[in-house]
>>> print(open('input_3.csv').read())   # CSV, C-alpha atoms
chain,number,residue,atom,x,y,z
A,1,MET,CA,108.9,97.0,90.8
A,2,THR,CA,108.9,100.8,90.5
A,3,ASN,CA,106.7,102.5,87.9
A,4,ALA,CA,109.8,103.7,86.1
A,5,LEU,CA,111.1,100.2,85.7
A,6,ARG,CA,107.7,98.9,84.6
A,7,ILE,CA,107.6,101.5,81.9
A,8,LEU,CA,111.1,100.8,80.8
A,9,ALA,CA,110.4,97.0,80.8
A,10,PHE,CA,107.4,97.5,78.6
A,11,ALA,CA,109.3,99.8,76.2
A,12,LEU,CA,112.2,97.4,75.9
A,13,ALA,CA,109.8,94.5,75.2
A,14,VAL,CA,108.0,96.3,72.5
A,15,LEU,CA,111.3,97.6,70.9
A,16,PHE,CA,112.8,94.1,70.9
A,17,ALA,CA,109.9,92.0,69.8
A,18,GLY,CA,106.9,94.1,69.0
A,19,PRO,CA,103.4,92.8,69.6
A,20,ALA,CA,104.4,89.2,70.2
A,21,MET,CA,106.5,90.1,73.2
A,22,ALA,CA,103.8,92.5,74.5
A,23,GLN,CA,101.5,89.4,74.7
A,24,LEU,CA,104.1,87.3,76.6
A,25,ASP,CA,102.3,85.1,79.1
A,26,GLN,CA,103.1,82.2,81.3
A,27,GLU,CA,102.9,79.5,78.7
A,28,GLN,CA,105.2,81.4,76.4
A,29,THR,CA,107.7,81.8,79.2
A,30,VAL,CA,107.7,78.1,79.8
A,31,ASN,CA,108.1,77.4,76.1
A,32,SER,CA,110.9,79.9,75.8
A,33,ALA,CA,112.6,78.4,78.9
A,34,LEU,CA,112.5,75.0,77.2
A,35,ALA,CA,114.0,76.4,74.0
A,36,THR,CA,116.7,78.1,76.0
A,37,ILE,CA,117.8,75.1,77.9
A,38,GLU,CA,117.7,72.9,74.8
A,39,ARG,CA,120.0,75.3,73.0
A,40,ILE,CA,122.4,75.6,76.0
A,41,LYS,CA,122.6,71.9,76.7
A,42,THR,CA,123.4,71.2,73.0
A,43,SER,CA,126.0,74.0,72.5
A,44,GLN,CA,127.6,74.0,75.9
A,45,PRO,CA,128.4,70.4,77.0
A,46,SER,CA,130.3,71.5,80.1
A,47,ILE,CA,127.2,73.1,81.5
A,48,ARG,CA,125.3,69.9,81.1
A,49,GLU,CA,127.8,68.3,83.6
A,50,GLN,CA,127.0,71.0,86.2
A,51,MET,CA,123.3,70.8,85.5
A,52,ASP,CA,123.3,67.1,86.4
A,53,LYS,CA,124.6,68.1,89.8
A,54,ALA,CA,122.3,71.1,90.3
A,55,ARG,CA,119.7,71.2,93.1
A,56,ALA,CA,117.5,73.6,91.1
A,57,VAL,CA,117.5,75.7,87.9
A,58,LEU,CA,116.1,79.1,87.3
A,59,ILE,CA,115.8,80.0,83.6
A,60,VAL,CA,115.2,83.6,82.4
A,61,PRO,CA,114.8,83.2,78.6
A,62,ASN,CA,114.6,86.9,77.8
A,63,PHE,CA,116.4,89.3,80.0
A,64,TYR,CA,116.3,92.9,78.7
A,65,LYS,CA,118.9,95.5,79.6
A,66,GLY,CA,119.1,99.0,78.4
A,67,GLY,CA,117.8,102.5,78.7
A,68,PHE,CA,118.3,106.1,77.8
A,69,PHE,CA,120.5,107.7,80.5
A,70,ILE,CA,118.7,105.7,83.2
A,71,GLY,CA,119.3,102.0,82.8
A,72,GLY,CA,117.0,99.2,83.6
A,73,GLU,CA,116.9,95.4,83.5
A,74,TYR,CA,113.9,93.1,83.5
A,75,GLY,CA,112.9,89.5,82.6
A,76,ASN,CA,110.5,86.8,83.5
A,77,GLY,CA,111.6,83.3,84.4
A,78,VAL,CA,110.8,79.9,85.9
A,79,LEU,CA,112.3,78.0,88.9
A,80,LEU,CA,112.3,74.2,88.9
A,81,VAL,CA,113.6,72.0,91.7
A,82,ARG,CA,115.1,68.5,91.4
A,83,GLN,CA,113.0,66.0,93.4
A,84,PRO,CA,114.2,63.1,95.5
A,85,ASP,CA,113.4,60.7,92.7
A,86,SER,CA,115.4,62.8,90.2
A,87,SER,CA,112.3,64.2,88.5
A,88,TRP,CA,111.7,67.9,88.4
A,89,SER,CA,109.0,70.1,90.0
A,90,TYR,CA,106.5,72.1,88.1
A,91,PRO,CA,107.7,75.7,87.5
A,92,ALA,CA,107.3,78.6,89.8
A,93,PHE,CA,107.4,82.0,88.1
A,94,TYR,CA,110.0,84.7,89.0
A,95,THR,CA,111.0,88.1,87.8
A,96,MET,CA,114.5,89.4,87.6
A,97,GLU,CA,115.0,93.2,87.6
A,98,GLY,CA,117.5,95.9,88.4
A,99,GLY,CA,118.4,99.4,87.6
A,100,SER,CA,121.4,101.7,87.3
A,101,LEU,CA,122.2,105.4,86.9
A,102,GLY,CA,124.6,106.9,84.5
A,103,PHE,CA,125.1,107.8,80.8
A,104,GLN,CA,124.0,104.8,78.8
A,105,ILE,CA,122.0,104.5,75.6
A,106,GLY,CA,121.3,101.2,74.0
A,107,LEU,CA,119.4,97.9,74.3
A,108,GLN,CA,120.4,94.3,74.9
A,109,SER,CA,118.7,91.0,75.3
A,110,THR,CA,120.2,87.8,76.7
A,111,SER,CA,119.1,84.5,78.2
A,112,VAL,CA,120.2,83.9,81.8
A,113,VAL,CA,120.4,80.5,83.5
A,114,PHE,CA,121.1,80.0,87.2
A,115,LEU,CA,122.2,76.6,88.3
A,116,ILE,CA,121.4,76.4,92.0
A,117,MET,CA,124.0,74.0,93.5
A,118,SER,CA,123.1,74.0,97.2
A,119,ASP,CA,120.1,74.0,99.5
A,120,LYS,CA,121.4,77.2,101.0
A,121,GLY,CA,121.3,78.9,97.6
A,122,LEU,CA,117.8,77.5,96.9
A,123,GLN,CA,116.4,78.7,100.3
A,124,ALA,CA,117.8,82.2,99.7
A,125,ILE,CA,116.0,82.5,96.4
A,126,LEU,CA,112.7,81.1,97.9
A,127,ASN,CA,112.8,83.6,100.8
A,128,ASN,CA,110.7,86.2,99.0
A,129,GLN,CA,113.4,88.3,97.3
A,130,PHE,CA,117.0,87.6,96.6
A,131,ARG,CA,119.4,90.5,95.9
A,132,PHE,CA,122.7,89.6,94.3
A,133,GLY,CA,125.6,90.9,96.2
A,134,ALA,CA,123.6,91.6,99.4
A,135,ASP,CA,123.8,88.2,101.0
A,136,ALA,CA,127.4,87.6,102.1
A,137,GLY,CA,126.5,84.0,103.0
A,138,ILE,CA,125.7,83.0,99.4
A,139,THR,CA,128.4,82.5,96.8
A,140,VAL,CA,127.4,83.4,93.3
A,141,VAL,CA,129.8,82.8,90.5
A,142,VAL,CA,129.2,84.3,87.1
A,143,VAL,CA,130.7,81.9,84.5
A,144,SER,CA,131.9,83.9,81.5
A,145,ALA,CA,133.0,83.0,78.0
A,146,GLY,CA,136.2,81.1,78.0
A,147,ALA,CA,135.8,79.8,81.6
A,148,GLY,CA,135.0,76.2,82.0
A,149,ALA,CA,131.9,75.3,84.1
A,150,SER,CA,134.0,73.0,86.3
A,151,THR,CA,137.0,75.3,87.0
A,152,THR,CA,138.4,75.5,90.5
A,153,SER,CA,136.9,78.9,91.1
A,154,ASN,CA,133.4,77.5,90.7
A,155,LEU,CA,133.8,74.7,93.3
A,156,GLY,CA,131.7,75.3,96.3
A,157,ALA,CA,129.5,78.0,94.6
A,158,ASP,CA,125.9,78.1,95.8
A,159,ILE,CA,124.7,79.5,92.5
A,160,LEU,CA,126.4,79.4,89.0
A,161,ALA,CA,125.1,82.1,86.6
A,162,TYR,CA,125.4,81.9,82.8
A,163,SER,CA,124.3,84.5,80.3
A,164,PHE,CA,123.9,83.8,76.6
A,165,SER,CA,123.6,86.1,73.7
A,166,GLY,CA,122.9,85.0,70.1
A,167,MET,CA,126.6,84.3,69.7
A,168,GLY,CA,126.9,82.0,72.8
A,169,LEU,CA,128.2,82.4,76.3
A,170,TYR,CA,128.2,86.1,77.1
A,171,ALA,CA,131.3,87.6,78.8
A,172,GLY,CA,130.0,90.9,80.2
A,173,MET,CA,127.2,90.0,82.7
A,174,SER,CA,127.0,91.8,86.0
A,175,LEU,CA,124.4,90.8,88.6
A,176,GLU,CA,125.3,93.3,91.3
A,177,GLY,CA,122.1,94.8,92.7
A,178,SER,CA,119.7,92.7,90.6
A,179,VAL,CA,116.8,91.1,92.4
A,180,LEU,CA,115.0,87.8,91.9
A,181,ALA,CA,111.4,87.8,93.2
A,182,PRO,CA,108.5,85.4,93.0
A,183,ARG,CA,105.7,86.3,90.7
A,184,GLU,CA,102.7,84.9,92.6
A,185,SER,CA,100.1,86.5,90.2
A,186,TRP,CA,101.6,84.4,87.4
A,187,ASN,CA,101.6,81.3,89.5
A,188,ALA,CA,97.9,81.9,90.1
A,189,ALA,CA,97.1,82.5,86.4
A,190,TYR,CA,99.1,79.4,85.3
A,191,TYR,CA,97.7,77.0,87.9
A,192,GLY,CA,94.2,78.4,88.2
A,193,ARG,CA,94.5,79.3,91.8
A,194,ALA,CA,96.7,81.1,94.3
A,195,VAL,CA,99.7,78.9,95.2
A,196,ALA,CA,103.1,79.9,96.6
A,197,SER,CA,106.3,79.2,94.9
A,198,ARG,CA,107.6,77.1,97.8
A,199,ALA,CA,104.4,74.9,97.7
A,200,ILE,CA,104.8,74.4,93.9
A,201,VAL,CA,108.4,73.2,94.0
A,202,PHE,CA,108.4,71.3,97.3
A,203,ASP,CA,104.9,70.2,98.1
A,204,HIS,CA,103.5,69.2,94.6
A,205,ALA,CA,100.7,71.7,95.3
A,206,ALA,CA,99.9,72.4,91.7
A,207,SER,CA,100.5,71.0,88.2
A,208,ASN,CA,100.1,72.0,84.6
A,209,PRO,CA,100.8,69.4,81.8
A,210,GLN,CA,102.0,72.3,79.6
A,211,ALA,CA,105.2,72.3,81.5
A,212,ASP,CA,105.9,68.5,81.2
A,213,ARG,CA,108.1,68.9,78.1
A,214,LEU,CA,110.4,71.2,80.1
A,215,ARG,CA,110.4,68.9,83.1
A,216,ASP,CA,111.1,65.8,81.0
A,217,PHE,CA,114.0,67.5,79.1
A,218,LEU,CA,115.7,68.5,82.4
A,219,ALA,CA,115.4,64.9,83.6
A,220,HIS,CA,117.3,63.5,80.6
>>> encode(input="input_3.csv", output="structure tokens")
Amino acid sequence: MTNALRILAFALAVLFAGPAMAQLDQEQTVNSALATIERIKTSQPSIREQMDKARAVLIVPNFYKGGFFIGGEYGNGVLLVRQPDSSWSYPAFYTMEGGSLGFQIGLQSTSVVFLIMSDKGLQAILNNQFRFGADAGITVVVVSAGAGASTTSNLGADILAYSFSGMGLYAGMSLEGSVLAPRESWNAAYYGRAVASRAIVFDHAASNPQADRLRDFLAH
């Protein structure tokens, strides 16, 4: 991430949530991911149907967008993968970021949930960095307010993307140019040793009981 985006991300965090957000750490991100998915599964039954089919889920509970003339986007999230026995892996940490130029003043916070429906989509995200709109082989469908999760246009999508504001499913999300990247330093801090995202979600290489509530909720 560029220094400009790091500065903007910090400023956005402080403006939105003050000292509590400035102290955001791995456990808080996991807890926030659980709260996000609980709220979504309760308020959006159609998403639950798609979630039951998903190969993996990536939850970004607080995604900040905004700026002063130069826009920026930033958020931390967790990736969990469904296992052969229908349980869920322990989380691997990711960042989501982007930037844009143009006249824009304002701040916005949303929750973003990616349902990864295919192995191809999962492998694309695990391959170090995934830039939306840059991989022609991956179909990403942004599900907006008023569009059902199971509509014909969503069939065959590798990744379904949902964005939620305080009022529910958000209609104005654009992912073009945004990047998902593993946050290996957070993996190391959370699990007590260096461990790659792929090893966490596929090889059971690390565990932390603090994430069990999130894993159990996804399984039911």
>>> atom_distance(input="input_3.csv", atom1="atom CA of A:Ala219", atom2="atom CA of A:Val78")
15.9 Å
>>> atom_distance(input="input_3.csv", atom1="atom CA of A:Gly177", atom2="atom CA of A:Ile59")
18.5 Å
>>> atom_distance(input="input_3.csv", atom1="atom CA of A:Trp186", atom2="atom CA of A:Ala92")
8.5 Å
>>> residues_around(input="input_3.csv", residues="A:Gln129", least_positions_apart="3", cutoff="8 Å", atoms="only C-alpha atoms", output="compact mmCIF listing (two decimals) with C-alpha atoms, in the frame of the given file")
# COMPACT_ATOMS: atom_id res chain seq x y z
CA ALA A 124 117.80 82.20 99.70
CA ILE A 125 116.00 82.50 96.40
CA LEU A 126 112.70 81.10 97.90
CA VAL A 179 116.80 91.10 92.40
CA LEU A 180 115.00 87.80 91.90
CA ALA A 181 111.40 87.80 93.20
CA PRO A 182 108.50 85.40 93.00
>>> closest_atom_pairs(input="input_3.csv", of="stretch 35-130 of chain A", to="stretch 156-160 of chain A", cutoff="7 Å", atoms="only C-alpha atoms", output="CSV")
residue,atom,partner,partner_atom,distance
A:Phe114,CA,A:Leu160,CA,5.6
A:Leu115,CA,A:Leu160,CA,5.1
A:Ile116,CA,A:Ile159,CA,4.6
A:Met117,CA,A:Asp158,CA,5.1
A:Ser118,CA,A:Asp158,CA,5.2
A:Lys120,CA,A:Asp158,CA,6.9
A:Gly121,CA,A:Asp158,CA,5.0
>>> build_atoms(input="input_3.csv", residues="stretch 190-206 of chain A", atoms="N, CA and C atoms", output="PDB file, keeping the file's coordinate frame")
ATOM      1  N   TYR A 190      98.648  80.641  85.958  1.00  0.00           N
ATOM      2  CA  TYR A 190      99.100  79.400  85.300  1.00  0.00           C
ATOM      3  C   TYR A 190      98.444  78.172  85.860  1.00  0.00           C
ATOM      4  N   TYR A 191      98.251  78.162  87.190  1.00  0.00           N
ATOM      5  CA  TYR A 191      97.700  77.000  87.900  1.00  0.00           C
ATOM      6  C   TYR A 191      96.241  77.086  88.219  1.00  0.00           C
ATOM      7  N   GLY A 192      95.648  78.237  87.949  1.00  0.00           N
ATOM      8  CA  GLY A 192      94.200  78.400  88.200  1.00  0.00           C
ATOM      9  C   GLY A 192      93.816  78.700  89.587  1.00  0.00           C
ATOM     10  N   ARG A 193      94.771  78.931  90.455  1.00  0.00           N
ATOM     11  CA  ARG A 193      94.500  79.300  91.800  1.00  0.00           C
ATOM     12  C   ARG A 193      95.756  79.837  92.483  1.00  0.00           C
ATOM     13  N   ALA A 194      95.574  80.548  93.573  1.00  0.00           N
ATOM     14  CA  ALA A 194      96.700  81.100  94.300  1.00  0.00           C
ATOM     15  C   ALA A 194      97.544  79.973  94.899  1.00  0.00           C
ATOM     16  N   VAL A 195      98.815  79.958  94.616  1.00  0.00           N
ATOM     17  CA  VAL A 195      99.700  78.900  95.200  1.00  0.00           C
ATOM     18  C   VAL A 195     101.101  79.523  95.267  1.00  0.00           C
ATOM     19  N   ALA A 196     101.753  79.338  96.405  1.00  0.00           N
ATOM     20  CA  ALA A 196     103.100  79.900  96.600  1.00  0.00           C
ATOM     21  C   ALA A 196     104.156  79.131  95.909  1.00  0.00           C
ATOM     22  N   SER A 197     105.231  79.812  95.575  1.00  0.00           N
ATOM     23  CA  SER A 197     106.300  79.200  94.900  1.00  0.00           C
ATOM     24  C   SER A 197     106.882  77.980  95.655  1.00  0.00           C
ATOM     25  N   ARG A 198     107.055  78.143  96.957  1.00  0.00           N
ATOM     26  CA  ARG A 198     107.600  77.100  97.800  1.00  0.00           C
ATOM     27  C   ARG A 198     106.697  75.832  97.723  1.00  0.00           C
ATOM     28  N   ALA A 199     105.383  76.043  97.741  1.00  0.00           N
ATOM     29  CA  ALA A 199     104.400  74.900  97.700  1.00  0.00           C
ATOM     30  C   ALA A 199     104.502  74.209  96.341  1.00  0.00           C
ATOM     31  N   ILE A 200     104.727  74.963  95.278  1.00  0.00           N
ATOM     32  CA  ILE A 200     104.800  74.400  93.900  1.00  0.00           C
ATOM     33  C   ILE A 200     106.029  73.449  93.842  1.00  0.00           C
ATOM     34  N   VAL A 201     107.189  73.941  94.255  1.00  0.00           N
ATOM     35  CA  VAL A 201     108.400  73.200  94.000  1.00  0.00           C
ATOM     36  C   VAL A 201     108.749  72.156  95.054  1.00  0.00           C
ATOM     37  N   PHE A 202     108.159  72.267  96.236  1.00  0.00           N
ATOM     38  CA  PHE A 202     108.400  71.300  97.300  1.00  0.00           C
ATOM     39  C   PHE A 202     107.261  70.382  97.624  1.00  0.00           C
ATOM     40  N   ASP A 203     106.043  70.899  97.557  1.00  0.00           N
ATOM     41  CA  ASP A 203     104.900  70.200  98.100  1.00  0.00           C
ATOM     42  C   ASP A 203     103.983  69.600  96.979  1.00  0.00           C
ATOM     43  N   HIS A 204     104.365  69.739  95.717  1.00  0.00           N
ATOM     44  CA  HIS A 204     103.500  69.200  94.600  1.00  0.00           C
ATOM     45  C   HIS A 204     102.124  69.801  94.697  1.00  0.00           C
ATOM     46  N   ALA A 205     102.005  71.059  95.069  1.00  0.00           N
ATOM     47  CA  ALA A 205     100.700  71.700  95.300  1.00  0.00           C
ATOM     48  C   ALA A 205      99.948  72.047  94.077  1.00  0.00           C
ATOM     49  N   ALA A 206     100.608  72.042  92.917  1.00  0.00           N
ATOM     50  CA  ALA A 206      99.900  72.400  91.700  1.00  0.00           C
ATOM     51  C   ALA A 206     100.662  71.761  90.514  1.00  0.00           C
TER      52      ALA A 206
END
